[in-house]
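Enquirer: Sharing a structure with you now.
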Amino acid sequence: MYFQAFFIFSLLFISSSQAAVLDFCVGDLSLPDGPGGYSCKKPSKVTADDFAYSGLATPVKLNPLIKAAVTPAFAPQFPGLNGLGISMARLDLAIGGVIPMHTHPGGSEVLYVVQGYICAGFVSSSDNKVFFKNLKPGDIMVFPQGLLHFQINSGKIPALAVVSFSSPTPGLQITDFALFANDLPTEIVAATTFLDAATIKKLKGVLGGTN
């Protein structure tokens, strides 16, 4: 029994050691993504371009509803990140812009303010305690994995921040969209949120939900 357990442990150790020997695993985007990320591109096809990315130099178009934009540098955009447990994104907030309450189920986040002023915070899952700060250029703030958090432009000029994640694919779920941008019947939303039907239908209309 002890020998069998030792043998299994040894196999796992050898396997993990071999995986750790790999310098990198550039994602092969021609294949589907899986729980462990993308399959590795053949080493003979890997180039220096796989380890550099210029996509954060220019922001994507602002969402007119939230007056903000998130430009990702995740594994699907930057395959060199695949398997390394990290990623980045650019956050642009126009005056009055906001990133609503949301979560990243796949990783923790660190935000660095480059320009402007951002009010940011998160809510703990144990006692719903809120931690928020008004951040200025040069400040950083961390948002633990899976917790609801937000960012608001609290200044009088556009705000710019760079965020990093502890995963190449951190995922994203925005609470407002999860509740109101779907086809869940209004009566069920009302029962689970304690909002009246008129308010729910108004929010569904704004966010593109039905039923």
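Quick note on naming: the chains in the structure tokens go A, B, ... in the order shown, residues restart at 1 in each chain, and ligands are numbered from 1 in order of appearance.
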What's the 12 Å shell around Gly34 (chain A), counting only C-alpha atoms, without same-chain residues fewer than 6 positions away, as a list in words?
Expert: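 The neighbour list is Gly27, Asp28, Cys40, Ala75, Pro76, Asn82, Gly83 and Thr169 of chain A.
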Enquirer: So that each row is one residue of region 20-108 of chain A with an atom at most 9 Å from region 146-151 of chain A, can you give its shortest atom pair and the distance in Å to one decimal, using only C-alpha atoms, rows by chain and rising number, as JSON lines?
Expert:
{"residue": "A:Leu93", "atom": "CA", "partner": "A:Gln151", "partner_atom": "CA", "distance": 8.8}
{"residue": "A:Gly97", "atom": "CA", "partner": "A:Gln151", "partner_atom": "CA", "distance": 8.6}
{"residue": "A:Val98", "atom": "CA", "partner": "A:Gln151", "partner_atom": "CA", "distance": 5.8}
{"residue": "A:Ile99", "atom": "CA", "partner": "A:Gln151", "partner_atom": "CA", "distance": 5.1}
{"residue": "A:Pro100", "atom": "CA", "partner": "A:Phe150", "partner_atom": "CA", "distance": 5.4}
{"residue": "A:Met101", "atom": "CA", "partner": "A:Phe150", "partner_atom": "CA", "distance": 4.8}
{"residue": "A:His102", "atom": "CA", "partner": "A:Leu148", "partner_atom": "CA", "distance": 5.2}
{"residue": "A:Thr103", "atom": "CA", "partner": "A:Leu148", "partner_atom": "CA", "distance": 4.9}
{"residue": "A:His104", "atom": "CA", "partner": "A:Gly146", "partner_atom": "CA", "distance": 5.2}
{"residue": "A:Pro105", "atom": "CA", "partner": "A:Gly146", "partner_atom": "CA", "distance": 4.5}
{"residue": "A:Gly106", "atom": "CA", "partner": "A:Gly146", "partner_atom": "CA", "distance": 7.1}
{"residue": "A:Gly107", "atom": "CA", "partner": "A:Gly146", "partner_atom": "CA", "distance": 7.0}
{"residue": "A:Ser108", "atom": "CA", "partner": "A:Gly146", "partner_atom": "CA", "distance": 7.2}
Enquirer: Which residue gives the smallest distance to Gly116 (chain A) among A:Ile200, A:Val142, A:Leu56, A:Leu91, with only C-alpha atoms counted?
Expert: A:Leu91
Enquirer: Find the residues near Ser164 (chain A): any atom within 12 Å, counting only C-alpha atoms, skip ones fewer than 6 places away on the same chain, and give them as a PDB file with N, CA, C and O atoms, in the first residue's frame.
Expert:
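Done, and the output landed in result-v3.pdb:
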ATOM      1  N   THR A  71      -9.439  46.930 -22.966  1.00  0.00           N
ATOM      2  CA  THR A  71      -8.687  46.349 -24.075  1.00  0.00           C
ATOM      3  C   THR A  71      -7.844  45.203 -23.525  1.00  0.00           C
ATOM      4  O   THR A  71      -6.892  45.433 -22.783  1.00  0.00           O
ATOM      5  N   PRO A  72      -8.175  43.956 -23.846  1.00  0.00           N
ATOM      6  CA  PRO A  72      -7.496  42.823 -23.206  1.00  0.00           C
ATOM      7  C   PRO A  72      -6.199  42.411 -23.890  1.00  0.00           C
ATOM      8  O   PRO A  72      -6.030  42.561 -25.108  1.00  0.00           O
ATOM      9  N   ALA A  73      -5.310  41.876 -23.101  1.00  0.00           N
ATOM     10  CA  ALA A  73      -4.136  41.154 -23.600  1.00  0.00           C
ATOM     11  C   ALA A  73      -4.145  39.816 -22.875  1.00  0.00           C
ATOM     12  O   ALA A  73      -3.342  39.553 -21.985  1.00  0.00           O
ATOM     13  N   PHE A  74      -5.121  38.984 -23.255  1.00  0.00           N
ATOM     14  CA  PHE A  74      -5.282  37.661 -22.692  1.00  0.00           C
ATOM     15  C   PHE A  74      -4.701  36.647 -23.681  1.00  0.00           C
ATOM     16  O   PHE A  74      -4.259  37.006 -24.763  1.00  0.00           O
ATOM     17  N   LEU A  81       1.276  34.311 -23.636  1.00  0.00           N
ATOM     18  CA  LEU A  81       0.919  34.241 -22.221  1.00  0.00           C
ATOM     19  C   LEU A  81       0.417  32.871 -21.806  1.00  0.00           C
ATOM     20  O   LEU A  81       0.375  32.555 -20.613  1.00  0.00           O
ATOM     21  N   GLY A  85       0.246  31.872 -16.470  1.00  0.00           N
ATOM     22  CA  GLY A  85      -0.503  32.306 -15.292  1.00  0.00           C
ATOM     23  C   GLY A  85      -0.607  33.812 -15.138  1.00  0.00           C
ATOM     24  O   GLY A  85      -0.848  34.297 -14.029  1.00  0.00           O
ATOM     25  N   ILE A  86      -0.452  34.562 -16.216  1.00  0.00           N
ATOM     26  CA  ILE A  86      -0.529  36.018 -16.160  1.00  0.00           C
ATOM     27  C   ILE A  86      -1.229  36.555 -17.397  1.00  0.00           C
ATOM     28  O   ILE A  86      -1.313  35.895 -18.425  1.00  0.00           O
ATOM     29  N   SER A  87      -1.731  37.790 -17.297  1.00  0.00           N
ATOM     30  CA  SER A  87      -2.265  38.521 -18.447  1.00  0.00           C
ATOM     31  C   SER A  87      -2.422  39.977 -18.034  1.00  0.00           C
ATOM     32  O   SER A  87      -2.232  40.339 -16.872  1.00  0.00           O
ATOM     33  N   MET A  88      -2.775  40.824 -19.001  1.00  0.00           N
ATOM     34  CA  MET A  88      -2.927  42.250 -18.745  1.00  0.00           C
ATOM     35  C   MET A  88      -4.114  42.790 -19.520  1.00  0.00           C
ATOM     36  O   MET A  88      -4.675  42.127 -20.388  1.00  0.00           O
ATOM     37  N   ALA A  89      -4.487  44.028 -19.206  1.00  0.00           N
ATOM     38  CA  ALA A  89      -5.522  44.720 -19.957  1.00  0.00           C
ATOM     39  C   ALA A  89      -5.346  46.223 -19.755  1.00  0.00           C
ATOM     40  O   ALA A  89      -4.717  46.665 -18.789  1.00  0.00           O
ATOM     41  N   ARG A  90      -5.877  46.972 -20.685  1.00  0.00           N
ATOM     42  CA  ARG A  90      -5.902  48.435 -20.593  1.00  0.00           C
ATOM     43  C   ARG A  90      -7.315  48.862 -20.252  1.00  0.00           C
ATOM     44  O   ARG A  90      -8.287  48.378 -20.842  1.00  0.00           O
ATOM     45  N   LEU A  91      -7.435  49.781 -19.307  1.00  0.00           N
ATOM     46  CA  LEU A  91      -8.744  50.271 -18.865  1.00  0.00           C
ATOM     47  C   LEU A  91      -8.843  51.761 -19.138  1.00  0.00           C
ATOM     48  O   LEU A  91      -8.044  52.549 -18.629  1.00  0.00           O
ATOM     49  N   HIS A 104     -13.964  38.282 -11.756  1.00  0.00           N
ATOM     50  CA  HIS A 104     -13.085  37.493 -12.616  1.00  0.00           C
ATOM     51  C   HIS A 104     -12.917  36.138 -11.932  1.00  0.00           C
ATOM     52  O   HIS A 104     -12.113  35.999 -11.015  1.00  0.00           O
ATOM     53  N   GLY A 107      -9.082  34.569 -11.850  1.00  0.00           N
ATOM     54  CA  GLY A 107      -7.832  35.150 -11.380  1.00  0.00           C
ATOM     55  C   GLY A 107      -8.014  36.410 -10.564  1.00  0.00           C
ATOM     56  O   GLY A 107      -9.053  37.074 -10.638  1.00  0.00           O
ATOM     57  N   SER A 108      -6.986  36.738  -9.784  1.00  0.00           N
ATOM     58  CA  SER A 108      -6.956  38.003  -9.050  1.00  0.00           C
ATOM     59  C   SER A 108      -6.478  39.111  -9.984  1.00  0.00           C
ATOM     60  O   SER A 108      -5.883  38.854 -11.033  1.00  0.00           O
ATOM     61  N   GLU A 109      -6.723  40.357  -9.584  1.00  0.00           N
ATOM     62  CA  GLU A 109      -6.415  41.514 -10.437  1.00  0.00           C
ATOM     63  C   GLU A 109      -5.634  42.558  -9.643  1.00  0.00           C
ATOM     64  O   GLU A 109      -5.901  42.789  -8.468  1.00  0.00           O
ATOM     65  N   VAL A 110      -4.664  43.175 -10.311  1.00  0.00           N
ATOM     66  CA  VAL A 110      -3.955  44.330  -9.760  1.00  0.00           C
ATOM     67  C   VAL A 110      -4.132  45.486 -10.735  1.00  0.00           C
ATOM     68  O   VAL A 110      -3.891  45.326 -11.940  1.00  0.00           O
ATOM     69  N   LEU A 111      -4.585  46.633 -10.228  1.00  0.00           N
ATOM     70  CA  LEU A 111      -4.838  47.811 -11.057  1.00  0.00           C
ATOM     71  C   LEU A 111      -3.802  48.888 -10.756  1.00  0.00           C
ATOM     72  O   LEU A 111      -3.527  49.190  -9.589  1.00  0.00           O
ATOM     73  N   TYR A 112      -3.230  49.469 -11.801  1.00  0.00           N
ATOM     74  CA  TYR A 112      -2.256  50.560 -11.681  1.00  0.00           C
ATOM     75  C   TYR A 112      -2.797  51.776 -12.428  1.00  0.00           C
ATOM     76  O   TYR A 112      -3.087  51.693 -13.625  1.00  0.00           O
ATOM     77  N   VAL A 113      -2.972  52.882 -11.716  1.00  0.00           N
ATOM     78  CA  VAL A 113      -3.522  54.098 -12.322  1.00  0.00           C
ATOM     79  C   VAL A 113      -2.416  54.865 -13.045  1.00  0.00           C
ATOM     80  O   VAL A 113      -1.409  55.257 -12.433  1.00  0.00           O
ATOM     81  N   ILE A 140      -1.755  51.700  -6.844  1.00  0.00           N
ATOM     82  CA  ILE A 140      -2.186  50.378  -7.275  1.00  0.00           C
ATOM     83  C   ILE A 140      -3.185  49.833  -6.259  1.00  0.00           C
ATOM     84  O   ILE A 140      -3.203  50.257  -5.107  1.00  0.00           O
ATOM     85  N   MET A 141      -4.017  48.920  -6.728  1.00  0.00           N
ATOM     86  CA  MET A 141      -4.975  48.265  -5.836  1.00  0.00           C
ATOM     87  C   MET A 141      -5.177  46.844  -6.320  1.00  0.00           C
ATOM     88  O   MET A 141      -5.171  46.570  -7.529  1.00  0.00           O
ATOM     89  N   VAL A 142      -5.352  45.924  -5.373  1.00  0.00           N
ATOM     90  CA  VAL A 142      -5.548  44.523  -5.709  1.00  0.00           C
ATOM     91  C   VAL A 142      -6.998  44.119  -5.452  1.00  0.00           C
ATOM     92  O   VAL A 142      -7.639  44.605  -4.513  1.00  0.00           O
ATOM     93  N   PHE A 143      -7.508  43.245  -6.319  1.00  0.00           N
ATOM     94  CA  PHE A 143      -8.872  42.726  -6.207  1.00  0.00           C
ATOM     95  C   PHE A 143      -8.773  41.190  -6.186  1.00  0.00           C
ATOM     96  O   PHE A 143      -8.432  40.573  -7.195  1.00  0.00           O
ATOM     97  N   PRO A 144      -9.047  40.569  -5.040  1.00  0.00           N
ATOM     98  CA  PRO A 144      -8.896  39.110  -4.929  1.00  0.00           C
ATOM     99  C   PRO A 144      -9.801  38.349  -5.900  1.00  0.00           C
ATOM    100  O   PRO A 144     -10.898  38.806  -6.248  1.00  0.00           O
ATOM    101  N   PRO A 170      -8.620  35.240 -17.288  1.00  0.00           N
ATOM    102  CA  PRO A 170      -9.274  35.441 -15.988  1.00  0.00           C
ATOM    103  C   PRO A 170     -10.786  35.353 -16.012  1.00  0.00           C
ATOM    104  O   PRO A 170     -11.409  35.158 -14.979  1.00  0.00           O
TER     105      PRO A 170
END
Enquirer: Considering only C-alpha atoms, can you say which of A:Gly205, A:Gly138, A:Gly171, A:Gly37 comes closest to Pro79 (chain A)?
Expert: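 Smallest separation from Pro79 (chain A) among the options: A:Gly37.
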Enquirer: Considering only C-alpha atoms, return as number ranges by chain whatever protein or nucleic-acid residues lie within 9 Å of Cys119 (chain A), sequence-local ones (same chain, fewer than 6 positions apart) excluded.
Expert: A: 132-136, 150-155
Enquirer: Write the residues you've just listed into a file as an mmCIF file, in the first residue's frame, and include N, CA, C and O atoms for each of them.
Expert:
data_model
loop_
_atom_site.group_PDB
_atom_site.id
_atom_site.type_symbol
_atom_site.label_atom_id
_atom_site.label_comp_id
_atom_site.auth_asym_id
_atom_site.auth_seq_id
_atom_site.Cartn_x
_atom_site.Cartn_y
_atom_site.Cartn_z
ATOM 1 N N PHE A 132 -12.930 50.159 -0.403
ATOM 2 C CA PHE A 132 -12.764 51.005 -1.583
ATOM 3 C C PHE A 132 -11.830 52.164 -1.274
ATOM 4 O O PHE A 132 -11.693 52.605 -0.134
ATOM 5 N N LYS A 133 -11.173 52.647 -2.355
ATOM 6 C CA LYS A 133 -10.219 53.742 -2.232
ATOM 7 C C LYS A 133 -10.349 54.659 -3.437
ATOM 8 O O LYS A 133 -10.724 54.237 -4.529
ATOM 9 N N ASN A 134 -10.040 55.941 -3.212
ATOM 10 C CA ASN A 134 -9.903 56.887 -4.319
ATOM 11 C C ASN A 134 -8.438 56.897 -4.726
ATOM 12 O O ASN A 134 -7.568 57.298 -3.947
ATOM 13 N N LEU A 135 -8.163 56.433 -5.925
ATOM 14 C CA LEU A 135 -6.802 56.238 -6.392
ATOM 15 C C LEU A 135 -6.348 57.376 -7.300
ATOM 16 O O LEU A 135 -7.130 57.892 -8.100
ATOM 17 N N LYS A 136 -5.085 57.714 -7.203
ATOM 18 C CA LYS A 136 -4.476 58.759 -8.031
ATOM 19 C C LYS A 136 -3.379 58.135 -8.892
ATOM 20 O O LYS A 136 -2.996 56.962 -8.674
ATOM 21 N N PHE A 150 -15.415 46.999 -8.643
ATOM 22 C CA PHE A 150 -15.832 48.045 -9.584
ATOM 23 C C PHE A 150 -14.726 49.079 -9.715
ATOM 24 O O PHE A 150 -13.809 49.161 -8.890
ATOM 25 N N GLN A 151 -14.826 49.893 -10.778
ATOM 26 C CA GLN A 151 -13.967 51.055 -10.973
ATOM 27 C C GLN A 151 -14.804 52.196 -11.547
ATOM 28 O O GLN A 151 -15.621 51.974 -12.446
ATOM 29 N N ILE A 152 -14.628 53.407 -10.995
ATOM 30 C CA ILE A 152 -15.372 54.585 -11.432
ATOM 31 C C ILE A 152 -14.381 55.727 -11.662
ATOM 32 O O ILE A 152 -13.488 55.950 -10.835
ATOM 33 N N ASN A 153 -14.552 56.444 -12.760
ATOM 34 C CA ASN A 153 -13.748 57.647 -12.961
ATOM 35 C C ASN A 153 -14.289 58.717 -12.026
ATOM 36 O O ASN A 153 -15.381 59.253 -12.226
ATOM 37 N N SER A 154 -13.508 59.040 -11.002
ATOM 38 C CA SER A 154 -13.955 60.011 -10.002
ATOM 39 C C SER A 154 -13.354 61.397 -10.228
ATOM 40 O O SER A 154 -13.530 62.286 -9.389
ATOM 41 N N GLY A 155 -12.666 61.578 -11.347
ATOM 42 C CA GLY A 155 -12.032 62.855 -11.634
ATOM 43 C C GLY A 155 -12.736 63.634 -12.727
ATOM 44 O O GLY A 155 -13.826 63.280 -13.175
#
Enquirer: Find the residues around Thr186 (chain A) up to 8 Å (only C-alpha atoms counted), leave out those fewer than 6 positions away in its own chain, and share them as a VMD selection string.
Expert: chain A and resid 197 200 to 201 211
Enquirer: Please provide the set of residues having any atom within 7 Å of Phe180 (chain A), restricted to only C-alpha atoms, with same-chain residues fewer than 5 positions apart removed, written as a PyMOL selection string.
Expert: chain A and resi 203-204+207+209
Enquirer: Given the selection you just returned, output its residues as a file containing all heavy atoms, formatted as a PDB file, in the first residue's frame.
Expert:
ATOM      1  N   LEU A 203     -34.588  47.780 -17.041  1.00  0.00           N
ATOM      2  CA  LEU A 203     -33.176  47.398 -17.124  1.00  0.00           C
ATOM      3  C   LEU A 203     -32.948  46.392 -18.243  1.00  0.00           C
ATOM      4  O   LEU A 203     -31.929  46.442 -18.950  1.00  0.00           O
ATOM      5  CB  LEU A 203     -32.717  46.819 -15.791  1.00  0.00           C
ATOM      6  CG  LEU A 203     -32.615  47.843 -14.643  1.00  0.00           C
ATOM      7  CD1 LEU A 203     -32.417  47.135 -13.304  1.00  0.00           C
ATOM      8  CD2 LEU A 203     -31.464  48.814 -14.906  1.00  0.00           C
ATOM      9  N   LYS A 204     -33.871  45.461 -18.423  1.00  0.00           N
ATOM     10  CA  LYS A 204     -33.764  44.519 -19.528  1.00  0.00           C
ATOM     11  C   LYS A 204     -33.797  45.248 -20.873  1.00  0.00           C
ATOM     12  O   LYS A 204     -33.049  44.919 -21.807  1.00  0.00           O
ATOM     13  CB  LYS A 204     -34.895  43.487 -19.476  1.00  0.00           C
ATOM     14  CG  LYS A 204     -34.664  42.330 -18.501  1.00  0.00           C
ATOM     15  CD  LYS A 204     -35.839  41.372 -18.513  1.00  0.00           C
ATOM     16  CE  LYS A 204     -35.562  40.107 -17.714  1.00  0.00           C
ATOM     17  NZ  LYS A 204     -34.676  39.171 -18.414  1.00  0.00           N
ATOM     18  N   LEU A 207     -30.329  46.917 -21.361  1.00  0.00           N
ATOM     19  CA  LEU A 207     -29.192  46.005 -21.523  1.00  0.00           C
ATOM     20  C   LEU A 207     -29.444  44.924 -22.573  1.00  0.00           C
ATOM     21  O   LEU A 207     -28.566  44.089 -22.822  1.00  0.00           O
ATOM     22  CB  LEU A 207     -28.847  45.364 -20.185  1.00  0.00           C
ATOM     23  CG  LEU A 207     -28.402  46.335 -19.095  1.00  0.00           C
ATOM     24  CD1 LEU A 207     -28.164  45.614 -17.780  1.00  0.00           C
ATOM     25  CD2 LEU A 207     -27.143  47.095 -19.515  1.00  0.00           C
ATOM     26  N   GLY A 209     -31.994  42.555 -22.617  1.00  0.00           N
ATOM     27  CA  GLY A 209     -32.609  41.323 -22.154  1.00  0.00           C
ATOM     28  C   GLY A 209     -34.026  41.162 -22.689  1.00  0.00           C
ATOM     29  O   GLY A 209     -34.606  42.083 -23.244  1.00  0.00           O
TER      30      GLY A 209
END
Enquirer: Can you pull out every residue from region 7-91 of chain A that DSSP, working from the backbone, puts in alpha helix (DSSP H), and format the result as a ChimeraX atom specification?
Expert: /A:7-21
Enquirer: Pick out each residue of region 49-188 of chain A that DSSP on the backbone tags as strand (DSSP E); I need them as a PyMOL selection string.
Expert: chain A and resi 68-73+87-93+98-103+109-115+118-123+130-135+140-143+149-153+159-165+173-174
